[in-house]
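Structure file my_file_36.cif (mmCIF, C-alpha atoms (C1' of nucleotides)) is printed below.
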```
data_model
loop_
_atom_site.label_atom_id
_atom_site.label_comp_id
_atom_site.auth_asym_id
_atom_site.auth_seq_id
_atom_site.Cartn_x
_atom_site.Cartn_y
_atom_site.Cartn_z
CA MET A 467 0.00 0.00 0.00
CA THR A 468 3.01 2.28 0.30
CA ASN A 469 3.25 3.08 -3.35
CA SER A 470 4.68 6.09 -5.11
CA LEU A 471 1.48 8.08 -4.79
CA ASP A 472 1.68 8.10 -1.02
CA LEU A 473 5.09 9.65 -1.23
CA LYS A 474 3.63 12.73 -2.83
CA ILE A 475 1.31 13.40 0.08
CA LYS A 476 3.58 12.56 2.94
CA LYS A 477 3.39 14.58 6.12
CA GLY A 478 5.63 17.49 6.91
CA ASP A 479 6.09 18.30 3.28
CA LEU A 480 4.92 21.88 3.33
CA LEU A 481 8.42 23.05 2.54
CA ASN A 482 8.26 21.11 -0.70
CA ALA A 483 6.96 23.20 -3.58
CA ASP A 484 4.98 20.26 -4.96
CA CYS A 485 3.01 19.69 -1.79
CA PRO A 486 -0.70 20.27 -2.42
CA SER A 487 -0.96 21.86 1.01
CA ARG A 488 0.36 24.99 -0.60
CA ASP A 489 -2.87 25.47 -2.48
CA ILE A 490 -5.07 24.97 0.52
CA LEU A 491 -2.86 27.15 2.65
CA LYS A 492 -3.17 29.97 0.19
CA ARG A 493 -6.95 29.86 0.45
CA LEU A 494 -7.15 29.16 4.14
CA LEU A 495 -4.84 32.02 5.02
CA GLY A 496 -6.01 34.44 2.39
CA ARG A 497 -6.80 37.94 3.47
CA TRP A 498 -10.48 37.22 4.13
CA SER A 499 -10.83 33.46 4.67
CA LEU A 500 -9.39 33.67 8.13
CA LEU A 501 -11.79 36.42 9.09
CA VAL A 502 -14.74 34.47 7.75
CA LEU A 503 -13.76 31.52 9.92
CA ILE A 504 -13.64 33.74 12.99
CA ALA A 505 -16.85 35.55 12.12
CA LEU A 506 -18.75 32.30 11.67
CA LYS A 507 -17.52 30.79 14.90
CA GLN A 508 -20.53 29.41 16.74
CA GLU A 509 -23.03 31.18 14.54
CA THR A 510 -24.81 31.14 11.24
CA LEU A 511 -24.78 34.38 9.28
CA ARG A 512 -26.32 35.73 6.12
CA PHE A 513 -24.23 37.25 3.38
CA SER A 514 -24.91 40.86 4.29
CA ALA A 515 -24.50 40.24 8.01
CA LEU A 516 -21.17 38.61 7.29
CA ARG A 517 -20.17 41.57 5.20
CA ARG A 518 -21.04 44.01 7.96
CA ARG A 519 -19.20 41.86 10.47
CA ILE A 520 -15.98 41.77 8.48
CA GLY A 521 -14.83 45.33 8.16
CA GLY A 522 -13.51 46.41 4.80
CA VAL A 523 -14.46 43.45 2.65
CA SER A 524 -16.09 44.11 -0.70
CA GLU A 525 -19.06 42.15 -2.03
CA ARG A 526 -16.91 40.69 -4.72
CA MET A 527 -14.14 39.45 -2.45
CA LEU A 528 -16.55 38.08 0.12
CA ALA A 529 -18.47 36.16 -2.49
CA GLN A 530 -15.30 34.75 -3.99
CA THR A 531 -13.88 33.80 -0.61
CA LEU A 532 -17.10 32.10 0.40
CA ARG A 533 -17.18 30.11 -2.81
CA HIS A 534 -13.65 28.88 -2.30
CA MET A 535 -14.30 27.99 1.31
CA GLU A 536 -17.41 26.09 0.36
CA GLU A 537 -15.48 24.28 -2.32
CA ASP A 538 -12.79 23.23 0.17
CA GLY A 539 -15.39 22.07 2.65
CA PHE A 540 -14.92 24.67 5.38
CA ILE A 541 -18.37 26.21 5.19
CA VAL A 542 -21.90 25.30 4.12
CA ARG A 543 -24.02 27.56 1.99
CA ILE A 544 -27.79 27.24 2.32
CA ALA A 545 -29.90 29.22 -0.14
CA HIS A 546 -33.56 29.41 0.90
CA ASP A 547 -35.70 29.71 -2.19
CA VAL A 548 -37.66 32.84 -1.36
CA VAL A 549 -37.90 36.44 -2.47
CA PRO A 550 -36.04 38.40 -1.43
CA PRO A 551 -33.22 35.83 -1.37
CA HIS A 552 -32.12 34.46 1.98
CA VAL A 553 -28.73 32.75 2.09
CA GLU A 554 -26.99 31.46 5.17
CA TYR A 555 -23.46 30.35 5.85
CA TYR A 556 -22.04 28.29 8.68
CA LEU A 557 -18.95 26.26 9.47
CA THR A 558 -18.64 22.56 8.78
CA PRO A 559 -16.94 20.36 11.38
CA LEU A 560 -13.79 20.73 9.30
CA GLY A 561 -14.23 24.48 9.33
CA CYS A 562 -14.62 24.42 13.10
CA GLU A 563 -11.36 22.55 13.47
CA ALA A 564 -9.62 25.05 11.24
CA GLU A 565 -11.19 27.88 13.19
CA THR A 566 -9.76 26.72 16.51
CA ARG A 567 -6.23 26.66 15.07
CA VAL A 568 -6.66 29.98 13.36
CA ALA A 569 -8.21 31.52 16.46
CA LEU A 570 -5.19 30.54 18.54
CA LEU A 571 -2.96 32.33 16.10
CA ALA A 572 -5.23 35.36 15.92
CA GLU A 573 -5.52 35.62 19.66
CA TRP A 574 -1.78 35.40 20.13
CA LEU A 575 -1.31 38.04 17.47
CA GLU A 576 -3.74 40.44 19.08
CA ASN A 577 -2.03 40.03 22.42
CA ASN A 578 1.36 40.75 20.89
CA ILE A 579 0.40 43.42 18.42
CA THR A 580 1.66 46.25 20.56
CA GLY A 581 5.11 44.76 20.94
CA ILE A 582 5.38 43.97 17.26
CA MET A 583 4.38 47.45 16.23
CA ALA A 584 6.88 48.91 18.67
CA HIS A 585 9.65 46.70 17.32
CA ARG A 586 8.82 47.68 13.77
CA GLN A 587 9.04 51.36 14.59
CA ALA A 588 12.26 50.99 16.54
CA PHE A 589 13.77 48.97 13.73
CA SER A 590 12.97 51.43 10.98
CA ALA A 591 14.08 54.30 13.19
CA GLU A 592 17.53 52.80 13.69
CA SER A 593 18.27 51.35 10.28
CA GLY A 594 16.09 53.46 8.03
CA ARG A 595 17.67 56.80 8.77
CA HIS A 596 19.45 56.91 5.42
CA GLU A 597 16.91 55.16 3.21
CA GLU A 598 13.23 55.87 2.88
CA HIS A 599 11.78 52.58 1.63
CA MET B 258 -5.78 54.84 31.93
CA THR B 259 -8.63 53.56 29.84
CA ASN B 260 -8.55 56.38 27.36
CA SER B 261 -9.70 56.50 23.76
CA LEU B 262 -6.41 55.17 22.45
CA ASP B 263 -6.87 51.87 24.22
CA LEU B 264 -10.14 51.40 22.44
CA LYS B 265 -8.37 51.28 19.12
CA ILE B 266 -6.23 48.33 20.15
CA LYS B 267 -8.73 46.32 22.08
CA LYS B 268 -8.68 42.56 21.84
CA GLY B 269 -10.83 40.60 19.46
CA ASP B 270 -10.90 43.42 17.01
CA LEU B 271 -9.50 41.58 14.04
CA LEU B 272 -12.86 41.85 12.33
CA ASN B 273 -12.53 45.60 12.46
CA ALA B 274 -10.91 47.04 9.35
CA ASP B 275 -8.97 49.57 11.38
CA CYS B 276 -7.27 47.01 13.58
CA PRO B 277 -3.50 47.11 13.06
CA SER B 278 -3.42 43.32 13.36
CA ARG B 279 -4.47 43.26 9.75
CA ASP B 280 -1.05 44.49 8.67
CA ILE B 281 0.87 42.02 10.75
CA LEU B 282 -1.42 39.21 9.72
CA LYS B 283 -0.76 39.95 6.10
CA ARG B 284 2.97 39.58 6.63
CA LEU B 285 2.83 36.71 9.07
CA LEU B 286 0.60 34.65 6.84
CA GLY B 287 2.09 35.66 3.56
CA ARG B 288 2.96 32.97 1.09
CA TRP B 289 6.53 32.58 2.35
CA SER B 290 6.67 33.96 5.92
CA LEU B 291 4.94 30.92 7.31
CA LEU B 292 7.38 28.60 5.58
CA VAL B 293 10.34 30.59 6.86
CA LEU B 294 9.04 30.20 10.40
CA ILE B 295 8.77 26.46 9.97
CA ALA B 296 12.13 26.16 8.26
CA LEU B 297 13.90 28.06 11.01
CA LYS B 298 12.32 26.06 13.79
CA GLN B 299 15.10 25.01 16.14
CA GLU B 300 17.87 25.91 13.74
CA THR B 301 19.91 28.72 12.30
CA LEU B 302 20.19 28.80 8.54
CA ARG B 303 22.06 30.79 5.95
CA PHE B 304 20.29 32.54 3.10
CA SER B 305 21.07 29.94 0.47
CA ALA B 306 20.30 27.03 2.80
CA LEU B 307 16.97 28.61 3.58
CA ARG B 308 16.31 29.03 -0.10
CA ARG B 309 17.06 25.38 -0.79
CA ARG B 310 14.89 24.34 2.13
CA ILE B 311 11.85 26.29 0.97
CA GLY B 312 10.89 24.87 -2.37
CA GLY B 313 9.92 27.32 -5.06
CA VAL B 314 10.91 30.60 -3.46
CA SER B 315 12.88 33.09 -5.55
CA GLU B 316 15.82 35.09 -4.23
CA ARG B 317 13.83 38.26 -4.47
CA MET B 318 10.84 37.01 -2.52
CA LEU B 319 12.93 35.33 0.14
CA ALA B 320 14.99 38.46 0.69
CA GLN B 321 11.86 40.60 0.91
CA THR B 322 10.14 38.20 3.28
CA LEU B 323 13.18 38.01 5.53
CA ARG B 324 13.45 41.79 5.68
CA HIS B 325 9.81 42.11 6.69
CA MET B 326 10.12 39.40 9.31
CA GLU B 327 13.21 41.01 10.73
CA GLU B 328 11.41 44.33 10.83
CA ASP B 329 8.49 42.82 12.72
CA GLY B 330 10.82 41.12 15.18
CA PHE B 331 10.25 37.48 14.22
CA ILE B 332 13.77 36.71 13.08
CA VAL B 333 17.32 37.92 13.65
CA ARG B 334 19.75 38.54 10.82
CA ILE B 335 23.44 38.20 11.56
CA ALA B 336 25.86 39.26 8.84
CA HIS B 337 29.41 38.08 9.48
CA ASP B 338 31.83 40.49 7.92
CA VAL B 339 33.87 38.12 5.80
CA VAL B 340 34.40 37.29 2.17
CA PRO B 341 32.58 35.52 0.81
CA PRO B 342 29.62 36.88 2.83
CA HIS B 343 28.13 34.72 5.53
CA VAL B 344 24.68 35.63 6.77
CA GLU B 345 22.60 33.68 9.25
CA TYR B 346 18.98 33.83 10.25
CA TYR B 347 17.24 32.47 13.30
CA LEU B 348 14.00 32.94 15.19
CA THR B 349 13.56 35.41 18.01
CA PRO B 350 11.57 34.31 21.08
CA LEU B 351 8.62 36.10 19.47
CA GLY B 352 9.24 34.18 16.27
CA CYS B 353 9.30 30.92 18.21
CA GLU B 354 5.94 31.70 19.74
CA ALA B 355 4.51 32.48 16.34
CA GLU B 356 6.04 29.31 14.98
CA THR B 357 4.30 27.07 17.48
CA ARG B 358 0.90 28.52 16.54
CA VAL B 359 1.63 28.33 12.87
CA ALA B 360 3.00 24.81 13.18
CA LEU B 361 -0.23 23.64 14.80
CA LEU B 362 -2.18 24.95 11.86
CA ALA B 363 0.26 23.51 9.34
CA GLU B 364 0.24 20.11 10.99
CA TRP B 365 -3.53 20.02 11.08
CA LEU B 366 -3.65 21.03 7.45
CA GLU B 367 -1.24 18.32 6.37
CA ASN B 368 -3.24 15.72 8.23
CA ASN B 369 -6.45 16.83 6.57
CA ILE B 370 -5.17 17.62 3.12
CA THR B 371 -6.47 14.40 1.63
CA GLY B 372 -10.00 14.99 2.83
CA ILE B 373 -10.01 18.57 1.66
CA MET B 374 -8.76 17.70 -1.78
CA ALA B 375 -11.38 14.97 -2.05
CA HIS B 376 -14.13 17.38 -1.02
CA ARG B 377 -12.97 19.92 -3.55
CA GLN B 378 -13.08 17.40 -6.36
CA ALA B 379 -16.44 16.04 -5.33
CA PHE B 380 -17.82 19.56 -5.09
CA SER B 381 -16.70 20.67 -8.52
CA ALA B 382 -17.85 17.38 -10.00
CA GLU B 383 -21.38 17.85 -8.73
CA SER B 384 -21.96 21.56 -9.20
CA GLY B 385 -19.51 22.37 -11.95
CA ARG B 386 -20.99 20.17 -14.61
CA HIS B 387 -22.57 23.08 -16.47
CA GLU B 388 -19.94 25.75 -15.92
CA GLU B 389 -16.22 25.49 -16.43
CA HIS B 390 -15.37 28.94 -14.98
"C1'" DC C 667 27.66 34.35 -1.13
"C1'" DG C 668 23.99 37.24 -0.42
"C1'" DG C 669 21.83 40.05 -2.04
"C1'" DT C 670 19.71 44.49 -5.18
"C1'" DA C 671 17.77 46.65 -9.64
"C1'" DT C 672 14.96 46.36 -13.42
"C1'" DC C 673 11.45 44.75 -16.18
"C1'" DC C 674 7.30 42.56 -17.10
"C1'" DA C 675 3.33 39.22 -16.64
"C1'" DA C 676 -0.17 37.57 -13.71
"C1'" DA C 677 -2.99 37.77 -9.74
"C1'" DC C 678 -5.52 40.33 -6.49
"C1'" DT C 679 -8.63 44.04 -5.18
"C1'" DG C 680 -12.15 47.48 -5.05
"C1'" DA C 681 -15.68 50.69 -7.11
"C1'" DT C 682 -19.35 50.81 -9.83
"C1'" DA C 683 -23.17 49.19 -12.29
"C1'" DC C 684 -26.32 45.75 -13.09
"C1'" DT C 685 -29.54 41.38 -12.38
"C1'" DG C 686 -32.99 37.78 -10.64
"C1'" DC D 42 -31.02 40.41 -0.73
"C1'" DA D 43 -27.37 38.18 -2.76
"C1'" DG D 44 -24.90 38.17 -5.75
"C1'" DT D 45 -22.35 38.79 -11.00
"C1'" DA D 46 -19.90 41.62 -14.76
"C1'" DT D 47 -16.75 44.80 -16.07
"C1'" DC D 48 -12.99 47.71 -15.65
"C1'" DA D 49 -9.00 49.94 -13.68
"C1'" DG D 50 -5.50 50.37 -10.18
"C1'" DT D 51 -2.38 48.02 -7.10
"C1'" DT D 52 0.30 44.27 -5.60
"C1'" DT D 53 2.67 40.13 -6.22
"C1'" DG D 54 5.93 37.22 -8.24
"C1'" DG D 55 9.52 35.48 -11.18
"C1'" DA D 56 13.48 35.89 -14.61
"C1'" DT D 57 17.37 38.05 -15.52
"C1'" DA D 58 21.28 40.76 -14.85
"C1'" DC D 59 24.29 42.90 -11.97
"C1'" DC D 60 27.04 44.32 -7.52
"C1'" DG D 61 29.94 44.32 -3.06
#
```

Exercise: express the given structure as structure tokens:
Amino acid sequence: MTNSLDLKIKKGDLLNADCPSRDILKRLLGRWSLLVLIALKQETLRFSALRRRIGGVSERMLAQTLRHMEEDGFIVRIAHDVVPPHVEYYLTPLGCEAETRVALLAEWLENNITGIMAHRQAFSAESGRHEEH
Amino acid sequence: MTNSLDLKIKKGDLLNADCPSRDILKRLLGRWSLLVLIALKQETLRFSALRRRIGGVSERMLAQTLRHMEEDGFIVRIAHDVVPPHVEYYLTPLGCEAETRVALLAEWLENNITGIMAHRQAFSAESGRHEEH
DNA sequence: CGGTATCCAAACTGATACTG
DNA sequence: CAGTATCAGTTTGGATACCG
């Protein structure tokens, strides 16, 4: 059962350019995907509610992101057949698992944001005195 | 001490477009930053070694990524003043912390990659029969 | 060896307008 | 309400050539 195909999907191969994880990673950690995961934590939201929740996202980008996430199995899209349209999104079990990992990262980041910003400023102040970008 | 400035950096505000975390997130989860974190886990590497380790990265992108990560305080760059040049990179304590969070996500992803890929194929097979995009 | 400079193609993004 | 279509601006990314 350990044929050549298994070798292409072996664990810990993210550093390999041919690893398919790269694709998923790109979508999972895209600018908006991560925020969608967090926004949908524990609750079902409609398209417009989601858009209001996630500051700065355009209709186009949100729609595209949601389609990709549905395609990858992170969220479920339910379109009720009424007028006006009523569409709901919520996380799949897989999406929930991803959300917990992403949330850990996000939480850590928010707790360390001040220090990071400070370091960035100190760094550019000391080494960027002679070059402006 | 709870003035208006604190309100702009309050926790859990990633969904707000004005939250500075957005900037950091963009860099931390960029295409290559995450791989650099993983590659430098527990070891110091030189530029070219890092480049060999991370499949598919160009010199330009690696250099840019490393500069950003140094600026944000995730890595340290040590340039030994010899010919030929010898430059080493390693994680700061902050970088290590980030790495553990990122590694959790990466590990989970690699363990679930098969299921995700399968879902994606099944999804496009069932709903993409009439449109090829 | 460890980069930077330049050029160019492709991808991403948002504003706007439109549709069922 | 929940999108899609189109267009234009910005960013990203790689190839190549060059430099200290």

Compare A:Glu554, A:Asp538, A:Asp479, A:Asp484 by their minimum atom-to-atom distance to B:Glu367, counting all atoms listed in the file, and give me the closest one.
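Result for the nearest residue to B:Glu367: A:Asp479.
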
Selection near D:DA56, 10 Å with only C-alpha atoms (C1' of nucleotides), sequence-local residues under 4 positions removed, as a ChimeraX atom specification:
/B:315 /C:673-674

How would you write, as a PyMOL selection string, the residues chosen by the PyMOL selection byres ((chain B) within 10 of (chain D)) on this structure?
chain B and resi 314-318+340-342

For chain B against chain C, which residues fall within 8 Å using only C-alpha atoms (C1' of nucleotides), given as a list in words?
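Interface list for chain B against chain C: Phe304, Ser305, Ala320, Pro341, Pro342, His343 and Val344 of chain B.
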
Which chain B residues are at most 6 Å from chain A (counting all atoms listed in the file), as a PyMOL selection string?
chain B and resi 272-274+311-313+328-329+358+362+367+373+377+380

Can you give chain A as a PDB file with C-alpha atoms, keeping the file's coordinate frame after you superpose it on chain B, pairing all C-alpha atoms in order for the least-squares fit?
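Everything below was put into result.pdb:
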```pdb
ATOM      1  CA  MET A 467      -5.436  54.971  31.830  1.00  0.00           C
ATOM      2  CA  THR A 468      -8.344  53.726  29.747  1.00  0.00           C
ATOM      3  CA  ASN A 469      -8.249  56.515  27.250  1.00  0.00           C
ATOM      4  CA  SER A 470      -9.382  56.628  23.658  1.00  0.00           C
ATOM      5  CA  LEU A 471      -6.124  55.222  22.349  1.00  0.00           C
ATOM      6  CA  ASP A 472      -6.627  51.945  24.155  1.00  0.00           C
ATOM      7  CA  LEU A 473      -9.928  51.521  22.424  1.00  0.00           C
ATOM      8  CA  LYS A 474      -8.193  51.327  19.088  1.00  0.00           C
ATOM      9  CA  ILE A 475      -6.085  48.362  20.118  1.00  0.00           C
ATOM     10  CA  LYS A 476      -8.618  46.394  22.056  1.00  0.00           C
ATOM     11  CA  LYS A 477      -8.586  42.627  21.868  1.00  0.00           C
ATOM     12  CA  GLY A 478     -10.736  40.610  19.540  1.00  0.00           C
ATOM     13  CA  ASP A 479     -10.861  43.387  17.027  1.00  0.00           C
ATOM     14  CA  LEU A 480      -9.523  41.527  14.037  1.00  0.00           C
ATOM     15  CA  LEU A 481     -12.886  41.798  12.346  1.00  0.00           C
ATOM     16  CA  ASN A 482     -12.561  45.562  12.463  1.00  0.00           C
ATOM     17  CA  ALA A 483     -10.931  46.976   9.349  1.00  0.00           C
ATOM     18  CA  ASP A 484      -8.993  49.532  11.394  1.00  0.00           C
ATOM     19  CA  CYS A 485      -7.316  46.967  13.599  1.00  0.00           C
ATOM     20  CA  PRO A 486      -3.544  47.058  13.094  1.00  0.00           C
ATOM     21  CA  SER A 487      -3.483  43.282  13.408  1.00  0.00           C
ATOM     22  CA  ARG A 488      -4.513  43.200   9.794  1.00  0.00           C
ATOM     23  CA  ASP A 489      -1.122  44.449   8.726  1.00  0.00           C
ATOM     24  CA  ILE A 490       0.801  41.987  10.807  1.00  0.00           C
ATOM     25  CA  LEU A 491      -1.463  39.164   9.769  1.00  0.00           C
ATOM     26  CA  LYS A 492      -0.817  39.898   6.144  1.00  0.00           C
ATOM     27  CA  ARG A 493       2.920  39.552   6.679  1.00  0.00           C
ATOM     28  CA  LEU A 494       2.786  36.681   9.105  1.00  0.00           C
ATOM     29  CA  LEU A 495       0.557  34.614   6.858  1.00  0.00           C
ATOM     30  CA  GLY A 496       2.053  35.654   3.569  1.00  0.00           C
ATOM     31  CA  ARG A 497       2.925  32.955   1.120  1.00  0.00           C
ATOM     32  CA  TRP A 498       6.500  32.566   2.372  1.00  0.00           C
ATOM     33  CA  SER A 499       6.619  33.933   5.931  1.00  0.00           C
ATOM     34  CA  LEU A 500       4.917  30.889   7.318  1.00  0.00           C
ATOM     35  CA  LEU A 501       7.364  28.589   5.596  1.00  0.00           C
ATOM     36  CA  VAL A 502      10.313  30.578   6.880  1.00  0.00           C
ATOM     37  CA  LEU A 503       9.016  30.191  10.421  1.00  0.00           C
ATOM     38  CA  ILE A 504       8.759  26.435   9.981  1.00  0.00           C
ATOM     39  CA  ALA A 505      12.114  26.151   8.249  1.00  0.00           C
ATOM     40  CA  LEU A 506      13.881  28.056  11.010  1.00  0.00           C
ATOM     41  CA  LYS A 507      12.321  26.049  13.797  1.00  0.00           C
ATOM     42  CA  GLN A 508      15.101  24.991  16.143  1.00  0.00           C
ATOM     43  CA  GLU A 509      17.855  25.916  13.738  1.00  0.00           C
ATOM     44  CA  THR A 510      19.891  28.721  12.309  1.00  0.00           C
ATOM     45  CA  LEU A 511      20.180  28.830   8.535  1.00  0.00           C
ATOM     46  CA  ARG A 512      22.035  30.841   5.947  1.00  0.00           C
ATOM     47  CA  PHE A 513      20.250  32.570   3.116  1.00  0.00           C
ATOM     48  CA  SER A 514      21.032  29.969   0.480  1.00  0.00           C
ATOM     49  CA  ALA A 515      20.293  27.061   2.800  1.00  0.00           C
ATOM     50  CA  LEU A 516      16.955  28.643   3.590  1.00  0.00           C
ATOM     51  CA  ARG A 517      16.275  29.047  -0.085  1.00  0.00           C
ATOM     52  CA  ARG A 518      17.038  25.407  -0.786  1.00  0.00           C
ATOM     53  CA  ARG A 519      14.898  24.369   2.155  1.00  0.00           C
ATOM     54  CA  ILE A 520      11.849  26.291   0.996  1.00  0.00           C
ATOM     55  CA  GLY A 521      10.905  24.869  -2.348  1.00  0.00           C
ATOM     56  CA  GLY A 522       9.916  27.318  -5.036  1.00  0.00           C
ATOM     57  CA  VAL A 523      10.889  30.601  -3.435  1.00  0.00           C
ATOM     58  CA  SER A 524      12.815  33.112  -5.508  1.00  0.00           C
ATOM     59  CA  GLU A 525      15.782  35.096  -4.209  1.00  0.00           C
ATOM     60  CA  ARG A 526      13.787  38.252  -4.431  1.00  0.00           C
ATOM     61  CA  MET A 527      10.785  37.018  -2.475  1.00  0.00           C
ATOM     62  CA  LEU A 528      12.909  35.348   0.169  1.00  0.00           C
ATOM     63  CA  ALA A 529      14.936  38.473   0.722  1.00  0.00           C
ATOM     64  CA  GLN A 530      11.832  40.618   0.953  1.00  0.00           C
ATOM     65  CA  THR A 531      10.099  38.213   3.311  1.00  0.00           C
ATOM     66  CA  LEU A 532      13.139  38.025   5.547  1.00  0.00           C
ATOM     67  CA  ARG A 533      13.380  41.791   5.716  1.00  0.00           C
ATOM     68  CA  HIS A 534       9.763  42.116   6.742  1.00  0.00           C
ATOM     69  CA  MET A 535      10.075  39.387   9.331  1.00  0.00           C
ATOM     70  CA  GLU A 536      13.154  41.005  10.776  1.00  0.00           C
ATOM     71  CA  GLU A 537      11.360  44.315  10.881  1.00  0.00           C
ATOM     72  CA  ASP A 538       8.429  42.792  12.786  1.00  0.00           C
ATOM     73  CA  GLY A 539      10.760  41.088  15.219  1.00  0.00           C
ATOM     74  CA  PHE A 540      10.200  37.457  14.254  1.00  0.00           C
ATOM     75  CA  ILE A 541      13.726  36.704  13.108  1.00  0.00           C
ATOM     76  CA  VAL A 542      17.281  37.920  13.668  1.00  0.00           C
ATOM     77  CA  ARG A 543      19.675  38.560  10.840  1.00  0.00           C
ATOM     78  CA  ILE A 544      23.386  38.257  11.591  1.00  0.00           C
ATOM     79  CA  ALA A 545      25.783  39.323   8.844  1.00  0.00           C
ATOM     80  CA  HIS A 546      29.352  38.156   9.489  1.00  0.00           C
ATOM     81  CA  ASP A 547      31.747  40.595   7.898  1.00  0.00           C
ATOM     82  CA  VAL A 548      33.785  38.242   5.745  1.00  0.00           C
ATOM     83  CA  VAL A 549      34.291  37.423   2.095  1.00  0.00           C
ATOM     84  CA  PRO A 550      32.453  35.639   0.746  1.00  0.00           C
ATOM     85  CA  PRO A 551      29.513  36.983   2.775  1.00  0.00           C
ATOM     86  CA  HIS A 552      28.080  34.797   5.509  1.00  0.00           C
ATOM     87  CA  VAL A 553      24.612  35.700   6.769  1.00  0.00           C
ATOM     88  CA  GLU A 554      22.568  33.739   9.249  1.00  0.00           C
ATOM     89  CA  TYR A 555      18.944  33.857  10.254  1.00  0.00           C
ATOM     90  CA  TYR A 556      17.200  32.478  13.307  1.00  0.00           C
ATOM     91  CA  LEU A 557      13.960  32.933  15.201  1.00  0.00           C
ATOM     92  CA  THR A 558      13.524  35.370  18.054  1.00  0.00           C
ATOM     93  CA  PRO A 559      11.513  34.272  21.094  1.00  0.00           C
ATOM     94  CA  LEU A 560       8.564  36.043  19.497  1.00  0.00           C
ATOM     95  CA  GLY A 561       9.185  34.149  16.289  1.00  0.00           C
ATOM     96  CA  CYS A 562       9.265  30.884  18.214  1.00  0.00           C
ATOM     97  CA  GLU A 563       5.898  31.634  19.750  1.00  0.00           C
ATOM     98  CA  ALA A 564       4.469  32.421  16.345  1.00  0.00           C
ATOM     99  CA  GLU A 565       6.014  29.260  14.968  1.00  0.00           C
ATOM    100  CA  THR A 566       4.265  27.012  17.478  1.00  0.00           C
ATOM    101  CA  ARG A 567       0.864  28.456  16.535  1.00  0.00           C
ATOM    102  CA  VAL A 568       1.594  28.287  12.852  1.00  0.00           C
ATOM    103  CA  ALA A 569       2.963  24.763  13.155  1.00  0.00           C
ATOM    104  CA  LEU A 570      -0.260  23.577  14.772  1.00  0.00           C
ATOM    105  CA  LEU A 571      -2.194  24.919  11.841  1.00  0.00           C
ATOM    106  CA  ALA A 572       0.230  23.478   9.308  1.00  0.00           C
ATOM    107  CA  GLU A 573       0.229  20.086  10.931  1.00  0.00           C
ATOM    108  CA  TRP A 574      -3.543  19.959  11.043  1.00  0.00           C
ATOM    109  CA  LEU A 575      -3.666  20.992   7.412  1.00  0.00           C
ATOM    110  CA  GLU A 576      -1.258  18.298   6.313  1.00  0.00           C
ATOM    111  CA  ASN A 577      -3.251  15.676   8.158  1.00  0.00           C
ATOM    112  CA  ASN A 578      -6.466  16.808   6.506  1.00  0.00           C
ATOM    113  CA  ILE A 579      -5.179  17.595   3.060  1.00  0.00           C
ATOM    114  CA  THR A 580      -6.467  14.399   1.541  1.00  0.00           C
ATOM    115  CA  GLY A 581     -10.006  14.962   2.736  1.00  0.00           C
ATOM    116  CA  ILE A 582     -10.016  18.562   1.604  1.00  0.00           C
ATOM    117  CA  MET A 583      -8.766  17.697  -1.840  1.00  0.00           C
ATOM    118  CA  ALA A 584     -11.379  14.972  -2.124  1.00  0.00           C
ATOM    119  CA  HIS A 585     -14.137  17.362  -1.092  1.00  0.00           C
ATOM    120  CA  ARG A 586     -12.976  19.926  -3.607  1.00  0.00           C
ATOM    121  CA  GLN A 587     -13.079  17.411  -6.423  1.00  0.00           C
ATOM    122  CA  ALA A 588     -16.461  16.047  -5.416  1.00  0.00           C
ATOM    123  CA  PHE A 589     -17.837  19.554  -5.157  1.00  0.00           C
ATOM    124  CA  SER A 590     -16.697  20.695  -8.570  1.00  0.00           C
ATOM    125  CA  ALA A 591     -17.839  17.412 -10.077  1.00  0.00           C
ATOM    126  CA  GLU A 592     -21.388  17.875  -8.815  1.00  0.00           C
ATOM    127  CA  SER A 593     -21.920  21.587  -9.281  1.00  0.00           C
ATOM    128  CA  GLY A 594     -19.464  22.403 -12.032  1.00  0.00           C
ATOM    129  CA  ARG A 595     -20.932  20.187 -14.704  1.00  0.00           C
ATOM    130  CA  HIS A 596     -22.428  23.127 -16.581  1.00  0.00           C
ATOM    131  CA  GLU A 597     -19.807  25.792 -15.929  1.00  0.00           C
ATOM    132  CA  GLU A 598     -16.082  25.560 -16.403  1.00  0.00           C
ATOM    133  CA  HIS A 599     -14.700  28.200 -14.035  1.00  0.00           C
TER     134      HIS A 599
END
```

What is the distance between atom CA of B:Ala336 and atom CA of B:Arg303, in Å to one decimal?
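Spanning atom CA of B:Ala336 to atom CA of B:Arg303 is a straight-line distance of 9.7 Å.
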
When you draw a straight line from atom CA of A:Lys507 to atom CA of B:Arg284, how long is it in Å?
23.8 Å

Can you tell me how far atom CA of A:Gln530 sits from atom CA of A:Leu506, in Å to one decimal?
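Value for the atom CA of A:Gln530-atom CA of A:Leu506 distance: 16.2 Å.
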
Let me know the centre plus edge lengths, in Å and rounded to one decimal, of a box with edges along x, y and z that contains all listed atoms of stretch 44-58 of chain D and is padded by 6 Å on every side, as JSON.
```
{"center_x": -1.8, "center_y": 42.9, "center_z": -10.8, "size_x": 58.2, "size_y": 26.9, "size_z": 22.5}
```
